[in-house]
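**Q** Pasting query21.txt here (compact mmCIF, C-alpha atoms):
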# COMPACT_ATOMS: atom_id res chain seq x y z
CA MET K 186 -50.20 61.56 21.12
CA THR K 187 -53.20 63.91 21.29
CA GLY K 188 -53.31 65.08 17.66
CA SER K 189 -56.16 67.60 17.91
CA LEU K 190 -55.55 70.00 20.78
CA PHE K 191 -53.62 72.59 18.79
CA LYS K 192 -56.07 72.83 15.87
CA ALA K 193 -59.04 73.14 18.25
CA ASN K 194 -57.66 75.81 20.57
CA PHE K 195 -55.60 78.32 18.58
CA TRP K 196 -58.10 80.38 16.58
CA SER K 197 -59.13 84.03 16.61
CA THR K 198 -62.33 85.75 15.48
CA ASP K 199 -60.24 88.37 13.69
CA ILE K 200 -59.52 87.09 10.20
CA LEU K 201 -56.22 88.97 10.08
CA SER K 202 -55.05 87.77 13.48
CA THR K 203 -52.14 85.29 13.78
CA THR K 204 -52.25 85.18 17.58
CA GLY K 205 -52.95 81.46 17.79
CA TYR K 206 -50.32 80.48 15.24
CA ASP K 207 -47.78 82.88 16.80
CA SER K 208 -48.41 81.37 20.23
CA ILE K 209 -47.67 77.87 18.90
CA ILE K 210 -44.51 79.02 17.13
CA GLN K 211 -43.30 80.82 20.26
CA HIS K 212 -43.85 77.70 22.32
CA LEU K 213 -41.90 75.58 19.84
CA ASN K 214 -39.10 78.15 19.78
CA ASN K 215 -38.91 77.91 23.57
CA GLY K 216 -38.79 74.13 23.32
CA ARG K 217 -35.95 74.33 20.81
CA LYS K 218 -34.13 76.70 23.14
CA ASN K 219 -34.61 74.26 26.02
CA CYS K 220 -33.06 71.47 23.95
CA LYS K 221 -30.15 73.74 23.13
CA GLU K 222 -29.65 74.49 26.84
CA PHE K 223 -29.62 70.79 27.69
CA GLU K 224 -27.18 70.19 24.86
CA GLU K 225 -24.85 72.85 26.32
CA PHE K 226 -25.32 71.31 29.78
CA LEU K 227 -24.17 67.93 28.46
CA LYS K 228 -21.11 69.50 26.83
CA GLU K 229 -20.12 71.30 30.02
CA ARG K 230 -20.71 68.18 32.11
CA ALA K 231 -18.53 66.26 29.64
CA ALA K 232 -15.75 68.83 30.07
CA ILE K 233 -16.01 68.48 33.86
CA GLU K 234 -15.91 64.68 33.68
CA GLU K 235 -12.94 64.75 31.32
CA LYS K 236 -10.98 67.17 33.50
CA TYR K 237 -11.78 65.18 36.62
CA GLY K 238 -10.77 61.93 34.90
CA LYS K 239 -7.48 63.36 33.66
CA ASP K 240 -6.68 64.93 37.04
CA LEU K 241 -7.48 61.65 38.78
CA LEU K 242 -5.35 59.77 36.26
CA SER K 243 -2.45 62.12 36.86
CA LEU K 244 -2.86 61.75 40.61
CA SER K 245 -2.92 57.96 40.37
CA ARG K 246 0.13 57.68 38.16
CA LYS K 247 2.36 60.47 39.47
CA LYS K 248 1.59 60.90 43.16
CA PRO K 249 3.28 58.45 45.56
CA CYS K 250 0.88 56.71 47.92
CA GLY K 251 2.49 54.37 50.44
CA GLN K 252 5.26 53.34 48.04
CA SER K 253 7.44 51.85 50.79
CA GLU K 254 4.74 49.58 52.18
CA ILE K 255 5.40 45.84 52.13
CA ASN K 256 3.64 42.53 51.72
CA THR K 257 -0.18 42.41 51.99
CA LEU K 258 -0.73 46.14 52.53
CA LYS K 259 1.54 46.83 49.57
CA ARG K 260 -0.61 44.60 47.38
CA ALA K 261 -3.75 46.40 48.62
CA LEU K 262 -2.22 49.76 47.75
CA GLU K 263 -1.27 48.51 44.30
CA VAL K 264 -4.87 47.41 43.70
CA PHE K 265 -6.07 50.74 45.06
CA LYS K 266 -3.89 52.73 42.65
CA GLN K 267 -4.97 50.52 39.74
CA GLN K 268 -8.65 50.91 40.54
CA VAL K 269 -8.32 54.68 40.90
CA ASP K 270 -6.73 54.60 37.46
CA ASN K 271 -9.69 52.56 36.18
CA VAL K 272 -12.17 54.99 37.73
CA ALA K 273 -10.37 57.87 36.04
CA GLN K 274 -10.60 56.07 32.69
CA CYS K 275 -14.32 55.55 33.24
CA HIS K 276 -14.85 59.28 33.80
CA ILE K 277 -12.96 60.07 30.60
CA HIS K 278 -15.09 57.52 28.73
CA LEU K 279 -18.23 59.04 30.28
CA ALA K 280 -17.16 62.44 28.93
CA GLN K 281 -17.00 60.98 25.42
CA THR K 282 -20.42 59.39 25.86
CA LEU K 283 -21.93 62.70 27.03
CA ARG K 284 -20.54 64.48 23.98
CA GLU K 285 -22.17 61.86 21.77
CA GLU K 286 -25.49 62.46 23.51
CA ALA K 287 -25.05 66.21 22.98
CA ARG K 288 -24.48 65.60 19.26
CA LYS K 289 -27.67 63.54 19.11
CA MET K 290 -29.59 66.42 20.67
CA GLU K 291 -28.04 68.83 18.18
CA ASP K 292 -28.97 66.59 15.24
CA PHE K 293 -32.52 66.30 16.56
CA ARG K 294 -32.86 70.08 16.87
CA GLU K 295 -31.57 70.59 13.33
CA LYS K 296 -33.97 67.97 11.95
CA GLN K 297 -36.95 69.63 13.60
CA LYS K 298 -35.77 73.03 12.41
CA GLN K 299 -35.82 71.86 8.80
CA GLN K 300 -39.24 70.26 9.24
CA ARG K 301 -40.67 73.43 10.77
CA LYS K 302 -39.19 75.58 8.04
CA LYS K 303 -41.43 73.89 5.45
CA THR K 304 -44.55 74.46 7.54
CA GLU K 305 -43.63 78.05 8.36
CA THR K 306 -42.99 78.81 4.67
CA VAL K 307 -46.44 77.52 3.70
CA MET K 308 -48.11 79.42 6.54
CA ASP K 309 -46.29 82.67 5.76
CA ALA K 310 -47.50 82.43 2.15
CA ALA K 311 -51.05 81.69 3.30
CA HIS K 312 -51.02 84.65 5.67
CA LYS K 313 -49.71 86.99 2.96
CA GLN K 314 -52.29 85.83 0.43
CA ARG K 315 -55.08 86.13 2.99
CA ASN K 316 -54.00 89.62 4.03
CA LEU K 317 -53.58 90.75 0.42
CA GLN K 318 -57.00 89.45 -0.60
CA PHE K 319 -58.60 91.00 2.46
CA LYS K 320 -57.10 94.37 1.50
CA LYS K 321 -58.34 94.02 -2.09
CA THR K 322 -61.80 93.11 -0.81
CA MET K 323 -61.93 96.08 1.54
CA ASP K 324 -60.77 98.38 -1.26
CA ALA K 325 -63.45 96.98 -3.55
CA LYS K 326 -66.00 97.50 -0.79
CA LYS K 327 -64.97 101.14 -0.42
CA ILE K 328 -65.26 101.67 -4.18
CA TYR K 329 -68.64 99.97 -4.24
CA GLU K 330 -69.94 102.07 -1.35
CA GLN K 331 -68.65 105.24 -2.96
CA LYS K 332 -70.35 104.34 -6.26
CA CYS K 333 -73.58 103.73 -4.36
CA ARG K 334 -73.32 107.15 -2.79
CA ASP K 335 -72.61 108.70 -6.20
CA LYS K 336 -75.70 106.99 -7.63
CA ASP K 337 -77.85 108.23 -4.73
CA GLU K 338 -76.63 111.77 -5.29
CA ALA K 339 -77.32 111.49 -9.01
CA GLU K 340 -80.89 110.29 -8.30
CA GLN K 341 -81.45 113.16 -5.88
CA ALA K 342 -80.13 115.62 -8.46
CA VAL K 343 -82.56 114.24 -11.07
CA HIS K 344 -85.48 114.60 -8.65
CA ARG K 345 -84.48 118.15 -7.81
CA SER K 346 -84.26 119.07 -11.50
CA ALA K 347 -87.70 117.69 -12.39
CA ASN K 348 -89.21 121.20 -12.62
CA MET K 349 -86.23 122.71 -14.35
CA ALA K 350 -86.89 124.28 -17.74
CA ASN K 351 -83.36 123.58 -18.95
CA GLN K 352 -83.81 120.38 -20.89
CA LYS K 353 -80.15 120.07 -21.71
CA GLN K 354 -79.20 120.22 -18.04
CA GLN K 355 -81.73 117.52 -17.23
CA GLU K 356 -80.30 115.28 -19.92
CA LYS K 357 -76.85 115.64 -18.39
CA LEU K 358 -78.24 114.62 -15.01
CA PHE K 359 -79.93 111.56 -16.50
CA VAL K 360 -76.72 110.57 -18.25
CA LYS K 361 -74.80 110.95 -14.99
CA LEU K 362 -77.42 108.84 -13.21
CA ALA K 363 -77.21 106.12 -15.81
CA THR K 364 -73.43 106.19 -15.63
CA SER K 365 -73.52 105.98 -11.84
CA LYS K 366 -75.91 103.02 -11.99
CA THR K 367 -73.57 101.22 -14.34
CA ALA K 368 -70.64 102.03 -12.03
CA VAL K 369 -72.57 100.64 -9.08
CA GLU K 370 -73.30 97.45 -10.92
CA ASP K 371 -69.68 97.05 -11.99
CA SER K 372 -68.32 97.84 -8.54
CA ASP K 373 -70.89 95.53 -6.98
CA LYS K 374 -69.77 92.68 -9.21
CA ALA K 375 -66.11 93.43 -8.45
CA TYR K 376 -66.86 93.61 -4.74
CA MET K 377 -68.78 90.32 -4.83
CA LEU K 378 -65.96 88.71 -6.78
CA HIS K 379 -63.42 89.82 -4.20
CA VAL K 380 -65.63 88.61 -1.35
CA ASN K 381 -65.94 85.19 -2.99
CA THR K 382 -62.21 85.08 -3.64
CA LEU K 383 -61.52 86.09 -0.02
CA ASP K 384 -63.78 83.33 1.21
CA LYS K 385 -61.87 80.83 -0.91
CA VAL K 386 -58.58 82.21 0.39
CA ARG K 387 -59.94 82.06 3.94
CA GLU K 388 -60.87 78.40 3.50
CA ASP K 389 -57.44 77.62 2.08
CA TRP K 390 -55.75 79.47 4.94
CA GLN K 391 -57.84 77.67 7.56
CA SER K 392 -57.05 74.34 5.94
CA GLU K 393 -53.32 75.15 6.03
CA HIS K 394 -53.68 76.36 9.62
CA ILE K 395 -55.22 73.04 10.64
CA LYS K 396 -52.47 71.10 8.85
CA ALA K 397 -49.82 73.27 10.47
CA CYS K 398 -51.34 72.73 13.91
CA GLU K 399 -51.31 68.98 13.40
CA VAL K 400 -47.71 68.98 12.16
CA LEU K 401 -46.47 71.30 14.91
CA GLU K 402 -48.31 69.40 17.63
CA ALA K 403 -46.81 66.12 16.40
CA GLN K 404 -43.41 67.77 16.34
CA GLU K 405 -43.81 69.05 19.89
CA CYS K 406 -44.87 65.62 21.09
CA GLU K 407 -41.78 64.18 19.44
CA ARG K 408 -39.57 66.83 21.03
CA ILE K 409 -40.94 66.25 24.54
CA ASN K 410 -40.50 62.50 24.14
CA PHE K 411 -36.96 62.87 22.80
CA PHE K 412 -35.98 65.33 25.54
CA ARG K 413 -37.47 63.09 28.23
CA ASN K 414 -35.64 60.04 26.90
CA ALA K 415 -32.38 61.99 26.59
CA LEU K 416 -32.62 63.06 30.22
CA TRP K 417 -33.49 59.50 31.24
CA VAL K 418 -30.45 58.15 29.39
CA HIS K 419 -28.25 60.81 30.97
CA VAL K 420 -29.15 59.95 34.56
CA ASN K 421 -28.78 56.25 33.73
CA GLN K 422 -25.28 56.92 32.48
CA LEU K 423 -24.45 58.74 35.71
CA SER K 424 -25.87 55.86 37.74
CA GLN K 425 -23.84 53.36 35.74
CA GLN K 426 -20.74 55.42 36.41
CA CYS K 427 -21.43 55.21 40.14
CA VAL K 428 -22.00 51.45 39.93
CA LYS K 429 -18.78 50.92 37.97
CA SER K 430 -16.83 53.04 40.45
CA ASP K 431 -18.28 51.12 43.38
CA ASP K 432 -17.38 47.80 41.72
CA MET K 433 -13.82 48.99 41.30
CA TYR K 434 -13.58 50.21 44.87
CA GLU K 435 -15.05 46.89 45.99
CA GLN K 436 -11.96 45.23 44.56
CA VAL K 437 -9.90 47.42 46.86
CA ARG K 438 -12.07 46.50 49.84
CA LYS K 439 -11.66 42.80 49.08
CA THR K 440 -7.89 43.21 48.91
CA LEU K 441 -7.91 45.11 52.19
CA GLU K 442 -9.84 42.27 53.79
CA MET K 443 -6.94 39.98 52.87
CA CYS K 444 -4.42 42.23 54.60
CA SER K 445 -2.77 40.64 57.66
CA ILE K 446 -1.08 42.74 60.27
CA GLU K 447 0.75 39.67 61.63
CA LYS K 448 1.99 38.64 58.18
CA ASP K 449 3.23 42.15 57.40
CA ILE K 450 5.08 42.31 60.73
CA GLU K 451 6.56 38.83 60.18
CA TYR K 452 7.54 39.73 56.62
CA PHE K 453 9.33 42.87 57.82
CA VAL K 454 11.15 40.91 60.55
CA ASN K 455 12.25 38.18 58.14
CA GLN K 456 13.44 40.66 55.54
CA ARG K 457 15.17 43.17 57.79
CA LYS K 458 16.16 41.38 61.03
CA THR K 459 19.71 42.12 62.29
CA GLY K 460 20.26 39.43 64.93
CA GLN K 461 18.88 37.87 68.10
CA ILE K 462 21.80 38.43 70.60
CA PRO K 463 21.85 41.79 72.36
CA PRO K 464 25.15 43.42 73.40
CA ALA K 465 26.85 42.27 76.70
CA PRO K 466 26.93 44.60 79.71
CA ILE K 467 29.77 47.13 79.83
CA MET K 468 32.02 46.08 82.75
CA TYR K 469 34.13 48.25 84.99
CA GLU K 470 37.86 48.06 84.29
CA ASN K 471 40.46 49.48 86.67
CA PHE K 472 43.13 51.41 84.92
CA TYR K 473 45.87 49.74 86.91
CA CYS K 474 44.44 46.29 86.62
CA PRO K 475 46.38 43.75 84.57
CA GLN K 476 43.30 43.42 82.34
CA ARG K 477 43.49 47.06 81.35
CA ASN K 478 44.02 46.02 77.70
CA ALA K 479 40.72 44.11 77.62
CA ALA K 480 38.46 44.27 74.59
CA PRO K 481 36.85 47.62 73.82
CA PRO K 482 33.42 48.28 75.29
CA GLY K 483 30.55 46.60 73.50
CA LYS K 484 32.59 43.61 72.18
CA THR K 485 33.49 40.37 73.89
CA THR K 486 36.64 38.36 73.21
CA GLY K 487 38.25 35.58 75.19
CA PRO K 488 36.65 34.37 78.37
CA ASN K 489 33.24 35.53 79.38
CA LEU K 490 33.85 38.57 81.61
CA ALA K 491 30.40 38.28 83.02
CA ARG K 492 31.56 35.07 84.82
CA ARG K 493 34.69 36.55 86.45
CA GLY K 494 34.63 37.13 90.13
CA PRO K 495 34.66 40.54 91.81
CA LEU K 496 37.66 42.73 91.35
CA PRO K 497 40.27 42.35 94.15
CA VAL K 498 40.50 45.09 96.73
CA PRO K 499 43.90 46.80 96.50
CA LYS K 500 46.15 46.33 99.54
CA SER K 501 48.42 49.00 100.94
CA VAL K 502 51.87 47.68 100.30
CA PRO K 503 54.24 50.60 100.59
CA ASP K 504 57.15 48.72 99.15
CA ASP K 505 55.30 47.72 96.03
CA PRO K 506 56.55 49.91 93.24
CA ASP K 507 53.55 49.10 91.04
CA TYR K 508 51.12 50.57 93.44
CA SER K 509 51.26 54.08 94.81
CA LEU K 510 49.14 55.73 97.41
CA VAL K 511 47.73 59.14 97.11
CA ASP K 512 49.80 60.09 100.09
CA ASP K 513 52.95 59.59 98.03
CA TYR K 514 51.99 62.53 95.82
CA SER K 515 52.06 66.14 96.68
CA LEU K 516 50.62 69.15 94.96
CA LEU K 517 53.09 71.86 94.15
CA TYR K 518 51.73 75.31 94.02
CA GLN K 519 53.65 77.96 92.17
Written as structure tokens, that's how I'd like the structure from this file.
**A**
Amino acid sequence: MTGSLFKANFWSTDILSTTGYDSIIQHLNNGRKNCKEFEEFLKERAAIEEKYGKDLLSLSRKKPCGQSEINTLKRALEVFKQQVDNVAQCHIHLAQTLREEARKMEDFREKQKQQRKKTETVMDAAHKQRNLQFKKTMDAKKIYEQKCRDKDEAEQAVHRSANMANQKQQEKLFVKLATSKTAVEDSDKAYMLHVNTLDKVREDWQSEHIKACEVLEAQECERINFFRNALWVHVNQLSQQCVKSDDMYEQVRKTLEMCSIEKDIEYFVNQRKTGQIPPAPIMYENFYCPQRNAAPPGKTTGPNLARRGPLPVPKSVPDDPDYSLVDDYSLLYQ
């Protein structure tokens, strides 16, 4: 902490000027405004984190994500959904933490405001007293100068009336001169008294100005340090959030590494298999063959049809009533 820069660099040769003090106050007001802006930034960031966390939580708990998967990939998806839920909770917790940091900044601003109010009250009183005494001194100076001019005029009038025969008129001029001399002496004393009082007021004001500079500089150092640390803490919190999220996603990666394509395929086969024997070939069946009432296509009953020999070639036996030739039929046209 420097401790002496403000009191050494914020003066003015004009006794009525408050330029240096005003410059310091303006700078501190800007610093307070900057803290307020960062406080609002934290609150808005907290709102964003909370909304993101709640949206992510809703997505994790309500949106299906591979719900019909089986075995190892199913377990990986379950871990994935759980870790997304955990990440969402972390963002909601981060929002609460950011609001706490914003409250700390607000409390710090309010504390400095109260501290500054005391200093500003003392300085306002010192400025008013200094300005009032300066005005009284300048008024006393004007009166003193006017009385001096009145005395000079009275002396000149006496000199001009030295050859006047009117004794009574001369006496009046002497009385006026004596009165003006007394007025000069009185105004001179009053003027000197005001000058001395102003010098005392000036010393008091300068002493208060130095104290105020020291207090305000210390306060500004404290503010910069607090603001810097608050920003440092904020980025650390964001970094920790990233680390936590990565740790949670690492759990998903580890589960994915344990996934086995072969095991998932085997699991599906064992759970859902329907049989190992495919259907037999569909054989030709002659309508007029004695085996016309064989089993329906796709099912096998009795002897294995696949082992039967070739179907017999029909013979032309005209006398056989069970077998007719095409020639025995005629088409009748109406």
**Q** Around the point (-76.9, 107.7, -7.1), in the coordinates given by the file, pick out the residues reaching within 12 Å, counting only C-alpha atoms, and return them as a ChimeraX atom specification.
**A** /K:329-344,358-370
**Q** Using only C-alpha atoms for the distances, tell me which of K:Leu401, K:Cys406, K:Ala325, K:Val428 is nearest to Met377 of chain K.
**A**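 The closest residue to Met377 of chain K is K:Ala325.
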**Q** Using all atoms listed in the file, which protein or nucleic acid residues come within 10 Å of Leu201 of chain K? Drop anything in the same chain fewer than 4 positions from it, and give the result as a CSV table (one decimal) with C-alpha atoms, in the frame of the given file.
**A**
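Here's the written file selection12.csv:
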chain,number,residue,atom,x,y,z
K,197,SER,CA,-59.1,84.0,16.6
K,312,HIS,CA,-51.0,84.6,5.7
K,313,LYS,CA,-49.7,87.0,3.0
K,315,ARG,CA,-55.1,86.1,3.0
K,316,ASN,CA,-54.0,89.6,4.0
K,319,PHE,CA,-58.6,91.0,2.5
K,387,ARG,CA,-59.9,82.1,3.9
**Q** May I ask for the distance between atom CA of Lys374 of chain K and atom CA of Lys327 of chain K, given in Å to one decimal place?
**A**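 Computing it gives 13.1 Å between the two atoms.
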**Q** I need the residue nearest Leu262 of chain K from this list: K:Asn471, K:Asn194, K:Gln355, K:Ser245. Use only C-alpha atoms for the distance.
**A**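 The answer is K:Ser245, which sits nearest to Leu262 of chain K.
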**Q** Give me, as a ChimeraX atom specification, all polymer residues having an atom no more than 12 Å from Gly216 of chain K, counting all atoms listed in the file and skipping those fewer than 2 positions away in the same chain.
**A** /K:209-214,218-223,294,297-298,401,404-412
**Q** Name the residues in contact with Cys398 of chain K at a cut-off of 9 Å, using all atoms listed in the file, excluding same-chain residues fewer than 6 positions from it; report them as a list in words.
**A**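 In the requested form, the answer reads Gly188, Ser189, Leu190, Phe191, Lys192, Ala193, Phe195, Tyr206 and Ile209 of chain K.
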**Q** Figure out the distance between atom CA of Glu286 of chain K and atom CA of Leu227 of chain K, please, to one decimal in Å.
**A**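 Atom CA of Glu286 of chain K lies at a distance of 7.5 Å from atom CA of Leu227 of chain K.
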**Q** Would you list the contacts of Leu283 of chain K as a ChimeraX atom specification, taking every protein, DNA or RNA residue within 12 Å and counting all atoms listed in the file, but skipping same-chain residues closer than 6 positions in sequence?
**A** /K:223-235,276-277,289-290,415-416,418-423,426
**Q** When you count only C-alpha atoms, which of these residues is closest to Arg260 of chain K: K:Cys444, K:Pro466, K:Gln354, K:Gln461?
**A** K:Cys444
**Q** I'd like the neighbourhood of Gln318 of chain K as a list of chain:residue names, where a residue qualifies if any of its atoms comes within 8 Å (using all atoms listed in the file), though same-chain residues fewer than 2 positions away should be ignored.
**A**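 After dropping sequence-adjacent residues, the list is K:Gln314, K:Arg315, K:Asn316, K:Lys320, K:Lys321, K:Thr322, K:His379, K:Thr382, K:Leu383, K:Val386.
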**Q** Go ahead and write the residues just picked, C-alpha atoms, as an mmCIF file, keeping the file's coordinate frame.
**A**
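The resulting file, result.cif, is shown below:
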data_model
loop_
_atom_site.group_PDB
_atom_site.id
_atom_site.type_symbol
_atom_site.label_atom_id
_atom_site.label_comp_id
_atom_site.auth_asym_id
_atom_site.auth_seq_id
_atom_site.Cartn_x
_atom_site.Cartn_y
_atom_site.Cartn_z
ATOM 1 C CA GLN K 314 -52.290 85.830 0.430
ATOM 2 C CA ARG K 315 -55.080 86.130 2.990
ATOM 3 C CA ASN K 316 -54.000 89.620 4.030
ATOM 4 C CA LYS K 320 -57.100 94.370 1.500
ATOM 5 C CA LYS K 321 -58.340 94.020 -2.090
ATOM 6 C CA THR K 322 -61.800 93.110 -0.810
ATOM 7 C CA HIS K 379 -63.420 89.820 -4.200
ATOM 8 C CA THR K 382 -62.210 85.080 -3.640
ATOM 9 C CA LEU K 383 -61.520 86.090 -0.020
ATOM 10 C CA VAL K 386 -58.580 82.210 0.390
#
**Q** Suppose you want the space between atom CA of Val400 of chain K and atom CA of Thr304 of chain K; what is it in Å?
**A** 7.8 Å
**Q** Is it possible to get the axis-aligned box enclosing segment 232-244 of chain K (all listed atoms, 4 Å extra per side) as AutoDock Vina command-line options, with centre and edge lengths in Å rounded to one decimal?
**A**
--center_x -9.2 --center_y 64.3 --center_z 35.3 --size_x 21.6 --size_y 17.1 --size_z 18.5
**Q** Pick the closest to Asp432 of chain K from K:Cys474, K:Cys275, K:Val307, K:Ile462: which is it, counting all atoms listed in the file?
**A** K:Cys275
**Q** Measuring between all atoms listed in the file, which one of K:Ser208, K:Asp199, K:His278, K:Gly238 shows the shortest distance to Gln425 of chain K?
**A**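 Of K:Ser208, K:Asp199, K:His278, K:Gly238, the one nearest Gln425 of chain K, counting all atoms listed in the file, is K:His278.
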**Q** K:His394, K:Arg345, K:Lys236, K:Lys248: which is nearest Asp309 of chain K, counting all atoms listed in the file?
**A** K:His394
